[in-house]
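Just my_file19.cif here, mmCIF, C-alpha atoms:
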data_start
loop_
_atom_site.label_atom_id
_atom_site.label_comp_id
_atom_site.auth_asym_id
_atom_site.auth_seq_id
_atom_site.Cartn_x
_atom_site.Cartn_y
_atom_site.Cartn_z
CA MET F 1 1.29 16.93 -16.95
CA PRO F 2 2.61 13.41 -16.47
CA ARG F 3 1.16 11.44 -13.62
CA SER F 4 2.43 8.36 -11.84
CA SER F 5 1.16 6.34 -8.95
CA GLY F 6 1.86 3.07 -7.24
CA CYS F 7 -0.49 1.00 -5.13
CA GLN F 8 0.62 -1.67 -2.70
CA PRO F 9 -2.14 -4.22 -1.99
CA VAL F 10 -3.32 -5.30 1.43
CA ARG F 11 -1.14 -7.94 3.03
CA GLU F 12 -1.28 -9.36 6.52
CA TYR F 13 1.47 -10.33 8.92
CA ARG F 14 0.91 -11.87 12.33
CA MET F 15 3.42 -10.82 14.97
CA PRO F 16 5.23 -13.54 16.92
CA ALA F 17 4.20 -13.87 20.57
CA SER F 18 1.14 -11.70 19.88
CA SER F 19 -2.49 -12.26 18.97
CA LEU F 20 -2.39 -9.25 16.64
CA GLY F 21 -1.79 -9.17 12.92
CA VAL F 22 -1.16 -6.15 10.70
CA ARG F 23 -2.79 -5.51 7.33
CA TRP F 24 -1.27 -2.97 4.94
CA ALA F 25 -2.12 -0.76 1.99
CA ALA F 26 -0.37 2.20 0.38
CA LEU F 27 -0.69 4.66 -2.48
CA SER F 28 1.67 7.33 -3.86
CA ASP F 29 0.68 9.97 -6.41
CA ILE F 30 2.52 12.78 -8.18
CA GLY F 31 -0.24 15.29 -7.44
CA ARG F 32 -1.64 18.01 -9.71
CA GLN F 33 1.26 20.45 -9.95
CA ARG F 34 4.56 18.53 -9.76
CA THR F 35 6.43 17.00 -12.69
CA ARG F 36 7.99 14.14 -10.70
CA ASN F 37 7.27 12.19 -7.55
CA GLU F 38 9.86 12.87 -4.83
CA ASP F 39 8.14 10.64 -2.25
CA ALA F 40 9.28 7.08 -1.56
CA PHE F 41 7.98 4.35 0.72
CA ARG F 42 8.37 0.69 1.53
CA ILE F 43 6.37 -1.82 3.54
CA VAL F 44 8.08 -4.94 4.90
CA PRO F 45 5.12 -7.04 6.12
CA GLU F 46 7.17 -9.99 7.33
CA ARG F 47 8.90 -7.66 9.81
CA ALA F 48 5.80 -5.50 10.38
CA TYR F 49 7.50 -2.21 9.58
CA ALA F 50 7.12 0.58 7.05
CA VAL F 51 8.98 3.76 6.14
CA LEU F 52 8.06 6.84 4.12
CA ALA F 53 10.39 9.60 2.93
CA ASP F 54 9.62 12.91 1.22
CA GLY F 55 12.42 14.50 -0.81
CA MET F 56 12.93 18.14 0.07
CA GLY F 57 10.93 20.20 -2.41
CA GLY F 58 12.92 22.53 -4.63
CA HIS F 59 16.23 20.83 -3.86
CA ARG F 60 18.18 18.97 -6.52
CA GLY F 61 17.91 15.24 -6.13
CA GLY F 62 14.96 15.20 -3.75
CA ASP F 63 13.68 11.99 -5.32
CA VAL F 64 17.16 10.47 -5.07
CA ALA F 65 17.41 11.44 -1.40
CA ALA F 66 14.03 9.86 -0.63
CA ARG F 67 15.02 6.59 -2.27
CA ILE F 68 18.36 6.54 -0.44
CA VAL F 69 16.59 7.14 2.87
CA VAL F 70 14.13 4.29 2.31
CA ASP F 71 16.76 1.85 1.01
CA THR F 72 19.23 2.58 3.81
CA PHE F 73 16.63 2.57 6.56
CA CYS F 74 15.40 -0.87 5.46
CA SER F 75 18.93 -2.27 5.13
CA GLU F 76 19.80 -1.07 8.63
CA MET F 77 16.57 -2.43 10.08
CA GLU F 78 17.26 -5.83 8.52
CA ARG F 79 20.71 -5.73 10.07
CA HIS F 80 19.13 -4.91 13.44
CA PHE F 81 16.67 -7.81 13.23
CA ALA F 82 19.42 -10.23 12.17
CA GLU F 83 21.72 -9.21 15.02
CA ALA F 84 18.99 -8.91 17.66
CA ALA F 85 17.53 -12.37 17.03
CA GLY F 86 14.28 -11.23 18.58
CA ASP F 87 15.79 -9.83 21.77
CA GLY F 88 16.99 -6.41 20.61
CA ASP F 89 15.82 -2.93 21.53
CA CYS F 90 13.66 -1.89 18.59
CA GLU F 91 13.86 1.80 19.49
CA GLN F 92 17.65 1.72 19.36
CA GLY F 93 17.52 -0.24 16.12
CA MET F 94 15.25 2.33 14.57
CA LEU F 95 17.42 5.20 15.80
CA ALA F 96 20.48 3.58 14.23
CA ALA F 97 18.57 3.05 10.96
CA VAL F 98 17.56 6.72 10.74
CA ASN F 99 21.08 7.91 11.49
CA GLY F 100 22.39 5.50 8.88
CA ALA F 101 19.98 6.97 6.33
CA ASN F 102 21.15 10.48 7.20
CA SER F 103 24.79 9.52 6.63
CA ALA F 104 23.93 7.78 3.35
CA VAL F 105 22.30 10.92 1.92
CA LEU F 106 25.29 13.05 2.95
CA ASP F 107 27.71 10.56 1.42
CA ALA F 108 25.80 10.47 -1.87
CA ALA F 109 25.72 14.28 -2.06
CA ALA F 110 29.46 14.42 -1.41
CA ARG F 111 30.13 11.99 -4.28
CA GLU F 112 27.87 13.70 -6.82
CA ARG F 113 28.10 17.49 -7.14
CA GLY F 114 24.65 17.70 -8.73
CA PHE F 115 23.06 16.29 -5.56
CA LEU F 116 24.54 18.87 -3.22
CA GLY F 117 21.81 20.14 -0.88
CA MET F 118 19.41 17.24 -1.35
CA GLY F 119 17.55 15.95 1.69
CA ALA F 120 14.39 14.23 2.86
CA THR F 121 11.97 13.82 5.72
CA LEU F 122 11.25 10.43 7.25
CA VAL F 123 8.49 8.74 9.20
CA ALA F 124 8.58 5.04 10.10
CA LEU F 125 6.90 2.49 12.33
CA VAL F 126 7.52 -1.00 13.62
CA ALA F 127 4.72 -3.07 15.15
CA ASP F 128 5.73 -5.88 17.49
CA ALA F 129 4.40 -7.89 20.41
CA ASP F 130 5.19 -5.00 22.78
CA GLY F 131 3.30 -2.36 20.83
CA LEU F 132 4.26 0.29 18.32
CA VAL F 133 7.65 1.98 17.88
CA PHE F 134 7.84 4.98 15.56
CA ALA F 135 10.35 7.57 14.39
CA GLY F 136 10.12 10.90 12.64
CA VAL F 137 12.30 13.65 11.21
CA GLY F 138 10.67 16.58 9.43
CA ASP F 139 6.98 17.05 8.66
CA SER F 140 5.87 13.67 7.34
CA ARG F 141 3.44 12.34 9.92
CA LEU F 142 2.15 9.28 11.73
CA TYR F 143 -1.49 9.26 12.87
CA ARG F 144 -3.47 6.71 14.87
CA TYR F 145 -7.21 6.38 14.27
CA ARG F 146 -8.78 4.65 17.26
CA GLY F 147 -12.41 4.55 18.39
CA GLY F 148 -13.45 7.23 15.91
CA ALA F 149 -10.76 9.70 17.03
CA LEU F 150 -7.67 10.72 15.06
CA GLU F 151 -4.44 11.43 16.96
CA GLN F 152 -1.17 12.71 15.52
CA LEU F 153 1.61 10.65 17.12
CA THR F 154 4.62 12.39 15.56
CA HIS F 155 5.60 16.03 16.07
CA ASP F 156 6.26 18.32 13.11
CA HIS F 157 9.79 19.68 12.91
CA THR F 158 8.99 23.00 11.25
CA MET F 159 9.37 26.71 11.98
CA LEU F 160 5.60 26.93 12.12
CA GLN F 161 5.30 24.21 14.77
CA GLU F 162 7.93 25.98 16.87
CA LEU F 163 5.75 29.11 16.81
CA VAL F 164 2.76 27.03 17.94
CA ASP F 165 4.81 25.33 20.67
CA GLY F 166 6.02 28.72 21.87
CA GLY F 167 2.48 30.07 22.11
CA MET F 168 3.12 32.76 19.47
CA ILE F 169 0.36 31.53 17.16
CA SER F 170 -2.56 29.13 17.52
CA ALA F 171 -2.90 25.77 15.80
CA GLU F 172 -5.77 27.23 13.75
CA GLN F 173 -3.57 30.12 12.58
CA ALA F 174 -0.84 27.64 11.73
CA SER F 175 -3.20 25.66 9.52
CA LYS F 176 -3.67 28.75 7.31
CA ALA F 177 -0.06 29.97 7.28
CA PRO F 178 1.68 30.17 3.86
CA PHE F 179 5.09 28.91 5.08
CA ARG F 180 4.13 25.52 6.48
CA GLY F 181 6.97 23.63 4.82
CA MET F 182 9.94 25.41 6.42
CA LEU F 183 11.71 22.49 8.10
CA THR F 184 13.86 22.66 11.21
CA ARG F 185 15.04 19.05 10.82
CA ALA F 186 15.65 16.83 7.81
CA LEU F 187 17.92 14.00 6.73
CA GLY F 188 20.94 14.89 4.62
CA VAL F 189 21.39 18.40 6.02
CA ALA F 190 24.04 17.88 8.71
CA PRO F 191 26.16 15.00 10.07
CA ASP F 192 24.09 14.90 13.26
CA VAL F 193 20.31 14.84 13.24
CA GLU F 194 17.92 14.82 16.19
CA VAL F 195 15.52 11.92 15.71
CA GLU F 196 12.15 11.61 17.43
CA VAL F 197 11.73 7.97 18.49
CA ALA F 198 8.88 6.84 20.73
CA HIS F 199 6.85 3.82 21.83
CA THR F 200 3.13 3.45 22.37
CA ASP F 201 0.55 0.69 22.71
CA LEU F 202 -1.18 -1.05 19.83
CA GLN F 203 -4.71 -2.41 20.02
CA ALA F 204 -6.84 -4.47 17.67
CA GLY F 205 -8.78 -2.10 15.45
CA ASP F 206 -6.12 0.62 15.48
CA LEU F 207 -5.61 2.17 12.06
CA LEU F 208 -2.21 3.79 11.52
CA LEU F 209 -1.52 6.35 8.80
CA LEU F 210 1.93 7.35 7.58
CA CYS F 211 1.75 10.27 5.16
CA SER F 212 3.78 12.97 3.43
CA ASP F 213 2.84 16.63 3.77
CA GLY F 214 1.24 16.47 0.34
CA LEU F 215 -1.78 15.13 2.24
CA THR F 216 -1.72 17.24 5.40
CA ASP F 217 -1.03 20.54 3.63
CA MET F 218 -4.12 19.99 1.51
CA VAL F 219 -6.69 18.58 3.94
CA GLY F 220 -7.30 18.97 7.67
CA ASP F 221 -7.37 16.31 10.34
CA ASP F 222 -11.17 16.29 10.38
CA VAL F 223 -11.27 15.41 6.68
CA ILE F 224 -8.63 12.72 7.16
CA ALA F 225 -10.62 11.22 10.04
CA ALA F 226 -13.79 11.14 7.96
CA ALA F 227 -11.96 9.35 5.13
CA LEU F 228 -10.64 6.72 7.55
CA ALA F 229 -14.04 6.08 9.12
CA GLY F 230 -16.43 3.37 8.00
CA ASP F 231 -15.88 -0.16 6.76
CA ARG F 232 -14.25 0.41 3.38
CA SER F 233 -11.14 -1.59 2.52
CA LEU F 234 -7.71 -0.19 3.28
CA ASP F 235 -7.07 0.27 -0.45
CA GLU F 236 -10.27 2.27 -0.79
CA ARG F 237 -9.37 4.49 2.16
CA ALA F 238 -5.88 5.10 0.80
CA ALA F 239 -7.33 6.05 -2.58
CA ALA F 240 -9.86 8.36 -0.90
CA LEU F 241 -7.12 10.24 0.96
CA VAL F 242 -5.09 10.78 -2.20
CA ALA F 243 -8.20 11.90 -4.11
CA LEU F 244 -9.03 14.43 -1.38
CA ALA F 245 -5.54 15.93 -1.54
CA ASN F 246 -5.71 16.23 -5.31
CA ALA F 247 -9.24 17.66 -5.24
CA ALA F 248 -7.99 20.36 -2.85
CA GLY F 249 -5.30 21.41 -5.31
CA GLY F 250 -2.69 18.64 -5.20
CA ARG F 251 0.18 21.10 -4.83
CA ASP F 252 2.64 18.37 -3.86
CA ASN F 253 3.24 14.65 -4.21
CA VAL F 254 1.02 12.73 -1.82
CA THR F 255 1.82 9.36 -0.27
CA VAL F 256 -0.17 7.39 2.29
CA VAL F 257 0.63 4.10 4.00
CA LEU F 258 -2.08 2.43 6.08
CA ALA F 259 -1.59 -0.29 8.69
CA CYS F 260 -4.49 -1.90 10.53
CA ALA F 261 -4.03 -4.04 13.64
CA VAL F 262 -6.38 -7.04 13.57
CA ASN F 263 -7.12 -10.00 15.86
#
Written as structure tokens, how would this file's structure read?
Amino acid sequence: MPRSSGCQPVREYRMPASSLGVRWAALSDIGRQRTRNEDAFRIVPERAYAVLADGMGGHRGGDVAARIVVDTFCSEMERHFAEAAGDGDCEQGMLAAVNGANSAVLDAAARERGFLGMGATLVALVADADGLVFAGVGDSRLYRYRGGALEQLTHDHTMLQELVDGGMISAEQASKAPFRGMLTRALGVAPDVEVEVAHTDLQAGDLLLLCSDGLTDMVGDDVIAAALAGDRSLDERAAALVALANAAGGRDNVTVVLACAVN
């Protein structure tokens, strides 16, 4: 089976009006069972933001949808930064970028009959002097590893998560359920999409992980936390996460983006 991967080396960007810098690394892999990689990502270190999209599995054009989401999100964020001139609301800028990506996928599907039904998840972050702004649609996730503890910052938009939220099943039962990928939200499905956008603090030493469900469907949070621990380089930790997903079966494409806040 053909395999493909891409590794983005560590780079550092120091945020204006802040003592913090951000170092980056990323890795995307086709996995053990897929014939193409339908994940896409981009890091823009000079603006301290990153975005990851996962094309909807089984849908025509999932890889196309993921690329459209990433390209449009970045174009809209650049427009936001240019117009804001440093004084804009980053949460509103991110919300506009996600909605723009949703419209772009719908427009592309309308133009090309073969892409009808394509869609993608999205998770993105922006680090600035005020902290961390992040957005999510679907089941790609953002984690923060701080002080030896791993915390999921985004909320999964899946049928399974709704059952957990409603108290109908436990989180442990959910981790073993066979229908984990049934999404309740995605980009490219409808003209209007509900976007989760939030803000939190950012401290030196924080390690942020953006990932597709090709990682989280294969390994649990405890395994992820163990892979992030220690003093290995960001590239080594990214490679370790991908290797763990593949060793567990690699049923899907797996993409990880790491950002570390440094003094």
- prompt: Which is closer to Val98 in chain F than all the others in F:Val195, F:Leu153, F:Ala26, F:Ile68, using only C-alpha atoms?
  reply: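 Looking at the shortest contact to Val98 in chain F, the residue is F:Val195.
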message: On this structure, the PyMOL selection byres ((chain F and resi 76) around 9) would catch which residues? List them as a PyMOL selection string, sorted by chain and number.
response: chain F and resi 71-75+77-81+93-94+96-98+100-101
message: Give me the residues near Met56 in chain F as a ChimeraX atom specification, where near means some atom within 12 Å (using only C-alpha atoms) and where sequence neighbours in that chain fewer than 5 positions away do not count.
response: /F:37-40,61-67,69,105,115,117-122,138-140,181-183,185-189,212-214,252-253
- request: For the structure shown, which residues end up in the PyMOL selection byres ((chain F and resi 31) around 12)? Put them as an MDAnalysis selection string, please?
  value: chainID F and resid 1:5 27:30 32:39 212:215 218 241:255
query: What is the distance between CA of Asp221 in chain F and CA of Leu207 in chain F, in Å to one decimal?
result: 14.4 Å
Which residue of F:Gly136, F:Gly220, F:Gly131, F:Gly21 approaches Ala261 in chain F most closely, using all atoms listed in the file: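 Among the listed residues, F:Gly21 lies closest to Ala261 in chain F.
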field: Residues within 9 Å of Glu196 in chain F, only C-alpha atoms, excluding chain neighbours under 3 positions, as a PyMOL selection string
entry: chain F and resi 95+134-137+154-155
query: Looking at F:Leu20, F:Thr184, F:Gly166, F:Ala190, which one is nearest to Asp107 in chain F, with distances taken over all atoms listed in the file?
result: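 Answer, going by the shortest atom-to-atom distance: F:Ala190.
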query: Which one of F:Ala198, F:Pro191, F:Ala25, F:Pro45 sits closest to Glu236 in chain F if you count only C-alpha atoms?
result: F:Ala25
